[in-house]
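Participant: Supplied structure: run-v8.pdb, PDB, C-alpha atoms.
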```pdb
ATOM      1  CA  MET A 775      96.271 138.261  41.050
ATOM      2  CA  ARG A 776      97.307 140.744  43.733
ATOM      3  CA  LYS A 777      94.899 141.170  46.638
ATOM      4  CA  GLN A 778      93.577 144.696  47.169
ATOM      5  CA  GLY A 779      93.614 144.794  50.963
ATOM      6  CA  TYR A 780      90.819 144.938  53.507
ATOM      7  CA  ASN A 781      89.549 148.477  54.172
ATOM      8  CA  LEU A 782      88.953 148.514  57.909
ATOM      9  CA  THR A 783      87.888 152.138  58.337
ATOM     10  CA  ASP A 784      85.320 151.978  55.527
ATOM     11  CA  ASP A 785      83.746 148.918  57.140
ATOM     12  CA  VAL A 786      83.746 150.501  60.597
ATOM     13  CA  ALA A 787      82.110 153.642  59.190
ATOM     14  CA  LEU A 788      79.436 151.517  57.506
ATOM     15  CA  LEU A 789      78.680 149.678  60.749
ATOM     16  CA  VAL A 790      78.434 152.944  62.704
ATOM     17  CA  HIS A 791      76.013 154.270  60.077
ATOM     18  CA  LEU A 792      73.858 151.148  60.447
ATOM     19  CA  LEU A 793      73.881 151.159  64.243
ATOM     20  CA  SER A 794      73.066 154.864  64.479
ATOM     21  CA  ARG A 795      69.795 154.141  62.665
ATOM     22  CA  ARG A 796      68.821 150.933  64.418
ATOM     23  CA  VAL A 797      69.997 151.239  68.043
ATOM     24  CA  GLU A 798      68.090 153.720  70.188
ATOM     25  CA  ARG A 799      71.051 154.697  72.371
ATOM     26  CA  LEU A 800      73.014 155.722  69.268
ATOM     27  CA  GLN A 801      70.386 157.703  67.412
ATOM     28  CA  HIS A 802      71.943 161.034  68.408
ATOM     29  CA  ILE A 803      75.026 160.149  66.373
ATOM     30  CA  LYS A 804      75.532 161.639  62.914
ATOM     31  CA  PRO A 805      77.944 159.169  61.319
ATOM     32  CA  GLY A 806      78.801 161.463  58.415
ATOM     33  CA  GLN A 807      80.511 163.820  60.872
ATOM     34  CA  ILE A 808      82.846 161.226  62.378
ATOM     35  CA  LEU A 809      86.266 160.398  60.933
ATOM     36  CA  HIS A 810      87.674 156.904  61.432
ATOM     37  CA  GLY A 811      91.383 156.181  61.218
ATOM     38  CA  VAL A 812      94.033 153.600  62.080
ATOM     39  CA  SER A 813      97.373 153.851  63.796
ATOM     40  CA  GLN A 814     100.048 151.267  64.482
ATOM     41  CA  ALA A 815     100.372 150.220  68.105
ATOM     42  CA  ARG A 816     103.897 150.371  69.501
ATOM     43  CA  SER A 817     103.759 146.710  70.467
ATOM     44  CA  ARG A 818     101.503 143.739  69.925
ATOM     45  CA  SER A 819     100.890 143.317  73.620
ATOM     46  CA  ARG A 820      97.246 142.744  74.493
ATOM     47  CA  TYR A 821      97.604 145.457  77.133
ATOM     48  CA  GLY A 822      97.202 149.059  76.059
ATOM     49  CA  VAL A 823      94.815 151.322  74.215
ATOM     50  CA  TYR A 824      92.584 149.675  71.602
ATOM     51  CA  ALA A 825      90.897 152.816  70.267
ATOM     52  CA  GLN A 826      90.409 156.477  71.156
ATOM     53  CA  CYS A 827      87.569 158.894  70.489
ATOM     54  CA  HIS A 828      88.437 162.593  70.201
ATOM     55  CA  GLY A 829      86.067 165.556  70.115
ATOM     56  CA  LEU A 830      86.807 168.547  67.912
ATOM     57  CA  ARG A 831      85.158 171.058  70.258
ATOM     58  CA  PHE A 832      85.664 172.169  73.847
ATOM     59  CA  LYS A 833      83.272 171.699  76.759
ATOM     60  CA  HIS A 834      79.611 172.335  75.885
ATOM     61  CA  GLY A 835      80.545 172.240  72.201
ATOM     62  CA  LYS A 836      82.315 175.610  72.257
ATOM     63  CA  ARG A 837      84.819 176.324  69.526
ATOM     64  CA  GLU A 838      87.015 178.583  71.652
ATOM     65  CA  HIS A 839      88.461 178.422  75.160
ATOM     66  CA  LEU A 840      89.805 181.573  76.806
ATOM     67  CA  THR A 841      93.001 181.407  78.866
ATOM     68  CA  ARG A 842      94.130 183.655  81.714
ATOM     69  CA  ASP A 843      97.022 185.136  79.743
ATOM     70  CA  GLY A 844      94.853 186.983  77.215
ATOM     71  CA  TYR A 845      94.836 184.245  74.599
ATOM     72  CA  ALA A 846      92.288 181.722  73.415
ATOM     73  CA  TRP A 847      92.481 178.232  72.013
ATOM     74  CA  VAL A 848      90.309 177.878  68.909
ATOM     75  CA  TRP A 849      89.230 174.743  67.085
ATOM     76  CA  PRO A 850      89.368 175.140  63.299
ATOM     77  CA  GLU A 851      86.623 173.701  61.154
ATOM     78  CA  THR A 852      87.685 170.310  59.848
ATOM     79  CA  ARG A 853      85.872 169.468  56.632
ATOM     80  CA  VAL A 854      85.739 166.369  54.464
ATOM     81  CA  ARG A 855      83.929 166.638  51.147
ATOM     82  CA  GLY A 856      82.174 169.763  52.387
ATOM     83  CA  HIS A 857      80.960 168.256  55.672
ATOM     84  CA  GLU A 858      82.225 169.535  59.004
ATOM     85  CA  MET A 859      83.709 166.813  61.206
ATOM     86  CA  LEU A 860      83.017 166.886  64.955
ATOM     87  CA  TYR A 861      84.725 163.661  66.091
ATOM     88  CA  TYR A 862      87.436 161.268  65.052
ATOM     89  CA  ILE A 863      88.122 157.762  66.312
ATOM     90  CA  THR A 864      91.483 156.043  65.956
ATOM     91  CA  TYR A 865      91.857 152.235  66.066
ATOM     92  CA  PHE A 866      95.259 150.870  67.078
ATOM     93  CA  LEU A 867      96.434 147.899  65.039
ATOM     94  CA  PRO A 868      97.010 145.074  65.430
ATOM     95  CA  ARG A 869      95.809 145.372  69.052
ATOM     96  CA  PHE A 870      92.216 146.304  68.169
ATOM     97  CA  LEU A 871      91.854 143.240  65.912
ATOM     98  CA  ASP A 872      93.654 140.921  68.349
ATOM     99  CA  GLN A 873      90.682 141.152  70.716
ATOM    100  CA  GLN A 874      87.952 138.551  70.775
ATOM    101  CA  PRO A 875      85.112 139.388  68.314
ATOM    102  CA  ARG A 876      82.662 140.477  71.015
ATOM    103  CA  GLU A 877      85.372 142.621  72.620
ATOM    104  CA  ARG A 878      85.948 144.431  69.304
ATOM    105  CA  LEU A 879      82.284 145.388  69.157
ATOM    106  CA  HIS A 880      82.455 146.428  72.817
ATOM    107  CA  THR A 881      85.472 148.637  72.087
ATOM    108  CA  LEU A 882      83.715 150.310  69.157
ATOM    109  CA  LEU A 883      80.564 150.965  71.197
ATOM    110  CA  HIS A 884      82.676 152.171  74.128
ATOM    111  CA  GLU A 885      84.170 154.874  71.891
ATOM    112  CA  LEU A 886      80.778 155.795  70.451
ATOM    113  CA  TYR A 887      79.368 156.132  73.977
ATOM    114  CA  HIS A 888      81.994 158.808  74.648
ATOM    115  CA  ILE A 889      80.229 161.032  72.081
ATOM    116  CA  HIS A 890      78.169 163.742  73.738
ATOM    117  CA  PRO A 891      74.370 163.146  73.759
ATOM    118  CA  GLN A 892      73.932 166.465  71.915
ATOM    119  CA  PHE A 893      76.531 165.507  69.297
ATOM    120  CA  ASN A 894      78.140 168.918  69.686
ATOM    121  CA  GLY A 895      81.816 168.001  69.307
ATOM    122  CA  ASP A 896      82.330 167.590  73.066
ATOM    123  CA  LEU A 897      82.691 164.262  74.865
ATOM    124  CA  ARG A 898      80.097 162.846  77.244
ATOM    125  CA  ARG A 899      80.861 164.094  80.742
ATOM    126  CA  PHE A 900      80.010 162.783  84.206
ATOM    127  CA  PRO A 901      79.988 164.417  87.653
ATOM    128  CA  GLY A 902      82.917 163.722  89.933
ATOM    129  CA  ARG A 903      86.643 163.454  89.425
ATOM    130  CA  ASN A 904      86.557 160.948  86.562
ATOM    131  CA  GLU A 905      84.856 163.254  84.114
ATOM    132  CA  PHE A 906      84.840 161.004  81.041
ATOM    133  CA  HIS A 907      84.051 157.595  82.563
ATOM    134  CA  GLY A 908      82.263 158.448  85.784
ATOM    135  CA  ASN A 909      83.425 157.478  89.255
ATOM    136  CA  ARG A 910      82.533 153.820  88.698
ATOM    137  CA  HIS A 911      83.987 152.274  85.556
ATOM    138  CA  GLU A 912      81.583 149.350  85.867
ATOM    139  CA  ASP A 913      78.666 151.750  85.381
ATOM    140  CA  PHE A 914      80.124 153.050  82.095
ATOM    141  CA  ASP A 915      80.997 149.571  80.860
ATOM    142  CA  GLY A 916      77.649 148.257  82.058
ATOM    143  CA  VAL A 917      75.880 150.629  79.692
ATOM    144  CA  VAL A 918      78.211 149.551  76.895
ATOM    145  CA  ASP A 919      77.492 145.873  77.694
ATOM    146  CA  ARG A 920      73.778 146.560  77.246
ATOM    147  CA  MET A 921      74.495 148.383  73.999
ATOM    148  CA  VAL A 922      76.312 145.285  72.724
ATOM    149  CA  GLU A 923      73.211 143.195  73.415
ATOM    150  CA  GLU A 924      70.986 145.789  71.735
ATOM    151  CA  SER A 925      73.276 145.946  68.702
ATOM    152  CA  LEU A 926      73.847 142.270  67.956
ATOM    153  CA  PRO A 927      70.353 141.575  66.518
ATOM    154  CA  HIS A 928      70.955 144.315  63.927
ATOM    155  CA  ILE A 929      74.347 143.087  62.711
ATOM    156  CA  GLU A 930      75.019 140.510  60.023
ATOM    157  CA  LEU A 931      78.390 139.461  61.376
ATOM    158  CA  GLU A 932      79.568 137.950  58.091
ATOM    159  CA  ARG A 933      79.058 141.366  56.468
ATOM    160  CA  PHE A 934      81.726 142.860  58.737
ATOM    161  CA  PRO A 935      84.886 140.730  58.640
ATOM    162  CA  PHE A 936      86.600 142.825  61.337
ATOM    163  CA  LEU A 937      84.036 141.467  63.814
ATOM    164  CA  THR A 938      84.716 137.824  62.982
ATOM    165  CA  LEU A 939      88.333 137.554  61.769
ATOM    166  CA  GLY A 940      91.500 138.489  63.642
ATOM    167  CA  PHE A 941      94.372 140.599  62.361
ATOM    168  CA  ASP A 942      96.410 137.686  60.983
ATOM    169  CA  GLU A 943      93.356 136.087  59.383
ATOM    170  CA  LEU A 944      92.411 139.322  57.611
ATOM    171  CA  VAL A 945      95.951 139.775  56.305
ATOM    172  CA  ALA A 946      96.061 136.164  55.099
ATOM    173  CA  ARG A 947      92.748 136.547  53.299
ATOM    174  CA  HIS A 948      93.174 140.057  51.844
ATOM    175  CA  GLY A 949      96.934 140.545  51.683
ATOM    176  CA  SER A 950      96.890 143.665  53.886
ATOM    177  CA  ILE A 951      94.698 145.852  56.054
ATOM    178  CA  VAL A 952      94.004 149.340  54.737
ATOM    179  CA  GLY A 953      92.699 152.357  56.633
ATOM    180  CA  ASN A 954      92.590 156.132  56.784
ATOM    181  CA  LYS A 955      95.695 157.651  58.296
ATOM    182  CA  LEU A 956      94.706 160.656  60.402
ATOM    183  CA  LYS A 957      96.890 163.268  62.011
ATOM    184  CA  ARG A 958      96.162 164.343  65.569
ATOM    185  CA  PHE A 959      94.012 167.437  65.199
ATOM    186  CA  GLN A 960      94.819 170.360  67.489
ATOM    187  CA  PRO A 961      93.258 173.742  68.306
ATOM    188  CA  ARG A 962      95.368 176.816  67.599
ATOM    189  CA  LYS A 963      96.225 179.674  69.926
ATOM    190  CA  VAL A 964      95.237 183.255  69.080
ATOM    191  CA  ARG A 965      95.022 186.519  70.984
ATOM    192  CA  ALA A 966      91.639 186.919  72.645
ATOM    193  CA  GLU A 967      90.941 190.164  70.791
ATOM    194  CA  GLU A 968      91.302 188.318  67.488
ATOM    195  CA  LEU A 969      88.364 186.018  68.179
ATOM    196  CA  THR A 970      85.761 188.245  66.554
ATOM    197  CA  THR A 971      87.796 188.816  63.395
ATOM    198  CA  ASP A 972      89.981 185.759  63.067
ATOM    199  CA  LEU A 973      88.044 182.634  63.891
ATOM    200  CA  ALA A 974      89.923 179.588  62.792
ATOM    201  CA  ARG A 975      90.506 179.020  59.135
ATOM    202  CA  PRO A 976      88.998 175.797  57.797
ATOM    203  CA  ILE A 977      91.186 172.717  57.774
ATOM    204  CA  HIS A 978      90.519 170.128  55.108
ATOM    205  CA  ALA A 979      91.282 166.733  56.543
ATOM    206  CA  PRO A 980      93.346 164.531  54.262
ATOM    207  CA  SER A 981      91.151 162.251  52.187
ATOM    208  CA  GLY A 982      92.413 159.185  50.392
ATOM    209  CA  GLN A 983      95.440 158.758  52.646
ATOM    210  CA  ARG A 984      95.894 155.153  53.573
ATOM    211  CA  LYS A 985      98.042 153.230  55.972
ATOM    212  CA  LEU A 986      98.867 149.638  55.105
ATOM    213  CA  PHE A 987      99.299 146.813  57.582
ATOM    214  CA  ALA A 988     100.528 143.601  56.057
TER     215      ALA A 988
END
```
Give the structure from this file in structure tokens form.
Facilitator:
Amino acid sequence: MRKQGYNLTDDVALLVHLLSRRVERLQHIKPGQILHGVSQARSRSRYGVYAQCHGLRFKHGKREHLTRDGYAWVWPETRVRGHEMLYYITYFLPRFLDQQPRERLHTLLHELYHIHPQFNGDLRRFPGRNEFHGNRHEDFDGVVDRMVEESLPHIELERFPFLTLGFDELVARHGSIVGNKLKRFQPRKVRAEELTTDLARPIHAPSGQRKLFA
């Protein structure tokens, strides 16, 4: 009998839903407005990006950003099953699953911590030159370390195989790893005078698209 494949993004979405209800630092998150996707890393080196969180709004949650040349960048509405998406997180395989189990949870919480406290489509911002991590990386990661400790009592690890099994183990057990394949969403450029009459047309994110890793 052919194995169906392990659905990584469905399991990640389920865990985010659980944590947003049970961990105080994550209660501003609305999991139904976050897309999760997978992408293939260029190499299997342990060094590189494990995951990335992207906001679908500009600073302060604004949909448009005026430029000096009389144009504006405008974020379209991205909808899935009628719900507007404000964030998407991409997990790079196999690198994400080649981490140690605790590091995978740390990576996930690191990306969730990037989400703005007002959940407005913007990323969390800090004073100073390093706007998205703060001037001291250890301060950002220190908060994430505490979030890991707060989260662990609420997680049944065996319920989430991606937190206990590595990439090769998941493939051996399930035959493949399945996940949503997301494009990189981009704002579009319009003339500034069009803003009042031509706000972005809705974009319907692809649903049901899968990327297989075997």
Participant: Determine the residue membership of the PyMOL selection byres ((chain A and resi 811) around 6) for the file above and supply it as a PyMOL selection string.
Facilitator: chain A and resi 810+812+864+954-956
Participant: Just to confirm, what's the straight-line distance from CA of Gly829 in chain A to CA of Gly895 in chain A in Å (one decimal)?
Facilitator: 5.0 Å
Participant: I would like the residues chosen by the PyMOL selection byres ((chain A and resi 957-965) around 7) on the shown file; could you give them as a VMD selection string?
Facilitator: chain A and resid 844 to 850 955 to 956 966 to 968
Participant: Given the choices A:Gln873, A:Thr783, A:Gln778, A:Gln807, which gets closest to Phe893 in chain A if the distance is worked out from only C-alpha atoms?
Facilitator: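 Among A:Gln873, A:Thr783, A:Gln778, A:Gln807, it is A:Gln807 that comes nearest to Phe893 in chain A.
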Participant: Using only C-alpha atoms, can you tell me which of A:Val945, A:Ile803, A:Val952, A:Leu830 comes closest to Glu851 in chain A?
Facilitator: A:Leu830
Participant: Would you mind listing what lies within 9 Å of Leu897 in chain A as a list in words, with only C-alpha atoms counted and same-chain residues fewer than 5 positions away left out?
Facilitator: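 My reading of the contact set: Cys827, His828, Gly829, Arg831, Phe832, Lys833, His834, Gly835, Tyr887, His888, Ile889, His890, Pro891 and Phe906 of chain A.
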Participant: Given the file shown, determine the residues that the PyMOL selection byres ((chain A and resi 784) around 12) selects; report them as a PyMOL selection string.
Facilitator: chain A and resi 779-783+785-791+805-806+808-812+934-936+951-954+982+984
Participant: Filtering to C-alpha atoms, could you give me those residues as a PDB file, keeping the file's coordinate frame?
Facilitator:
```
ATOM      1  CA  GLY A 779      93.614 144.794  50.963  1.00  0.00           C
ATOM      2  CA  TYR A 780      90.819 144.938  53.507  1.00  0.00           C
ATOM      3  CA  ASN A 781      89.549 148.477  54.172  1.00  0.00           C
ATOM      4  CA  LEU A 782      88.953 148.514  57.909  1.00  0.00           C
ATOM      5  CA  THR A 783      87.888 152.138  58.337  1.00  0.00           C
ATOM      6  CA  ASP A 785      83.746 148.918  57.140  1.00  0.00           C
ATOM      7  CA  VAL A 786      83.746 150.501  60.597  1.00  0.00           C
ATOM      8  CA  ALA A 787      82.110 153.642  59.190  1.00  0.00           C
ATOM      9  CA  LEU A 788      79.436 151.517  57.506  1.00  0.00           C
ATOM     10  CA  LEU A 789      78.680 149.678  60.749  1.00  0.00           C
ATOM     11  CA  VAL A 790      78.434 152.944  62.704  1.00  0.00           C
ATOM     12  CA  HIS A 791      76.013 154.270  60.077  1.00  0.00           C
ATOM     13  CA  PRO A 805      77.944 159.169  61.319  1.00  0.00           C
ATOM     14  CA  GLY A 806      78.801 161.463  58.415  1.00  0.00           C
ATOM     15  CA  ILE A 808      82.846 161.226  62.378  1.00  0.00           C
ATOM     16  CA  LEU A 809      86.266 160.398  60.933  1.00  0.00           C
ATOM     17  CA  HIS A 810      87.674 156.904  61.432  1.00  0.00           C
ATOM     18  CA  GLY A 811      91.383 156.181  61.218  1.00  0.00           C
ATOM     19  CA  VAL A 812      94.033 153.600  62.080  1.00  0.00           C
ATOM     20  CA  PHE A 934      81.726 142.860  58.737  1.00  0.00           C
ATOM     21  CA  PRO A 935      84.886 140.730  58.640  1.00  0.00           C
ATOM     22  CA  PHE A 936      86.600 142.825  61.337  1.00  0.00           C
ATOM     23  CA  ILE A 951      94.698 145.852  56.054  1.00  0.00           C
ATOM     24  CA  VAL A 952      94.004 149.340  54.737  1.00  0.00           C
ATOM     25  CA  GLY A 953      92.699 152.357  56.633  1.00  0.00           C
ATOM     26  CA  ASN A 954      92.590 156.132  56.784  1.00  0.00           C
ATOM     27  CA  GLY A 982      92.413 159.185  50.392  1.00  0.00           C
ATOM     28  CA  ARG A 984      95.894 155.153  53.573  1.00  0.00           C
TER      29      ARG A 984
END
```
Participant: Between CA of Ile863 in chain A and CA of Arg816 in chain A, measure the distance and give it in Å to one decimal.
Facilitator: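 Computing it gives 17.7 Å between the two atoms.
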Participant: Expressed in Å to a single decimal, how great is the separation between CA of Leu867 in chain A and CA of Leu931 in chain A?
Facilitator: 20.3 Å
Participant: Looking at all atoms listed in the file, which of A:Asn894, A:Arg878, A:Val823, A:Ser950 is the one that sits closest to Glu858 in chain A?
Facilitator: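 Checking each of A:Asn894, A:Arg878, A:Val823, A:Ser950 against Glu858 in chain A, counting all atoms listed in the file, the winner is A:Asn894.
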Participant: Go through A:Arg933, A:Arg796, A:Arg920, A:Ser813 one by one, measure the shortest atom-to-atom distance of each to Phe870 in chain A using all atoms listed in the file, and give the residue with the smallest value.
Facilitator: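 Ranking A:Arg933, A:Arg796, A:Arg920, A:Ser813 by distance to Phe870 in chain A, first place goes to A:Ser813.
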Participant: Here is a test: counting only C-alpha atoms, which residue of A:Tyr865, A:Ser794, A:Thr852, A:Glu838 is nearest to Gln814 in chain A?
Facilitator: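 Answer, going by the shortest atom-to-atom distance: A:Tyr865.
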Participant: Please determine, counting all atoms listed in the file, which residue among A:Thr938, A:Gly949, A:Leu800, A:His839 has the shortest atom-to-atom distance to His884 in chain A.
Facilitator: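 When distances to His884 in chain A are compared using all atoms listed in the file, the smallest one comes from A:Leu800.
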Participant: Name all residues at most 12 Å from Gly822 in chain A (count all atoms listed in the file; drop same-chain ones fewer than 2 positions away) and give them as a PyMOL selection string.
Facilitator: chain A and resi 815-820+824-826+865-870+872-873
Participant: Could you pull out every residue with an atom within 12 Å of (77.9, 151.1, 79.6), file coordinates, counting all atoms listed in the file, and send them as JSON, numbers by chain?
Facilitator: {"A": [799, 880, 881, 882, 883, 884, 885, 886, 887, 888, 907, 908, 910, 911, 912, 913, 914, 915, 916, 917, 918, 919, 920, 921, 922, 923, 924]}
Participant: Please define a box with edges along x, y and z of the file around all atoms of range 821-836 of chain A given in the file, extend it by 5 Å on each side, and return its centre and edge lengths in Å to one decimal, as JSON.
Facilitator:
```
{"center_x": 88.6, "center_y": 160.5, "center_z": 72.5, "size_x": 28.0, "size_y": 40.2, "size_z": 19.2}
```
Participant: Because some atoms of range 802-818 of chain A are absent here, can you restore N, CA and C atoms and send them as a CSV table (one decimal), keeping the file's coordinate frame?
Facilitator:
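The result, written out as rebuild24.csv:
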```csv
chain,number,residue,atom,x,y,z
A,802,HIS,N,71.5,159.6,68.4
A,802,HIS,CA,71.9,161.0,68.4
A,802,HIS,C,73.2,161.2,67.5
A,803,ILE,N,73.8,160.1,67.1
A,803,ILE,CA,75.0,160.1,66.4
A,803,ILE,C,74.8,160.4,64.9
A,804,LYS,N,75.6,161.3,64.3
A,804,LYS,CA,75.5,161.6,62.9
A,804,LYS,C,76.8,161.1,62.3
A,805,PRO,N,76.7,159.9,61.7
A,805,PRO,CA,77.9,159.2,61.3
A,805,PRO,C,78.7,159.9,60.3
A,806,GLY,N,78.1,160.7,59.5
A,806,GLY,CA,78.8,161.5,58.4
A,806,GLY,C,79.7,162.5,58.9
A,807,GLN,N,79.7,162.8,60.3
A,807,GLN,CA,80.5,163.8,60.9
A,807,GLN,C,81.5,163.2,61.8
A,808,ILE,N,81.8,161.9,61.6
A,808,ILE,CA,82.8,161.2,62.4
A,808,ILE,C,83.9,160.7,61.4
A,809,LEU,N,85.2,161.0,61.7
A,809,LEU,CA,86.3,160.4,60.9
A,809,LEU,C,86.8,159.2,61.6
A,810,HIS,N,87.1,158.1,60.9
A,810,HIS,CA,87.7,156.9,61.4
A,810,HIS,C,89.1,156.7,60.8
A,811,GLY,N,90.0,156.4,61.7
A,811,GLY,CA,91.4,156.2,61.2
A,811,GLY,C,92.1,155.1,62.0
A,812,VAL,N,93.2,154.7,61.5
A,812,VAL,CA,94.0,153.6,62.1
A,812,VAL,C,95.4,154.1,62.4
A,813,SER,N,96.0,153.5,63.4
A,813,SER,CA,97.4,153.9,63.8
A,813,SER,C,98.0,152.6,64.3
A,814,GLN,N,99.3,152.5,64.1
A,814,GLN,CA,100.0,151.3,64.5
A,814,GLN,C,100.4,151.3,66.0
A,815,ALA,N,100.0,150.3,66.7
A,815,ALA,CA,100.4,150.2,68.1
A,815,ALA,C,101.9,150.0,68.2
A,816,ARG,N,102.5,150.5,69.3
A,816,ARG,CA,103.9,150.4,69.5
A,816,ARG,C,104.3,148.9,69.7
A,817,SER,N,103.4,148.1,70.3
A,817,SER,CA,103.8,146.7,70.5
A,817,SER,C,102.5,145.9,70.2
A,818,ARG,N,102.7,144.6,70.1
A,818,ARG,CA,101.5,143.7,69.9
A,818,ARG,C,101.0,143.2,71.2
```
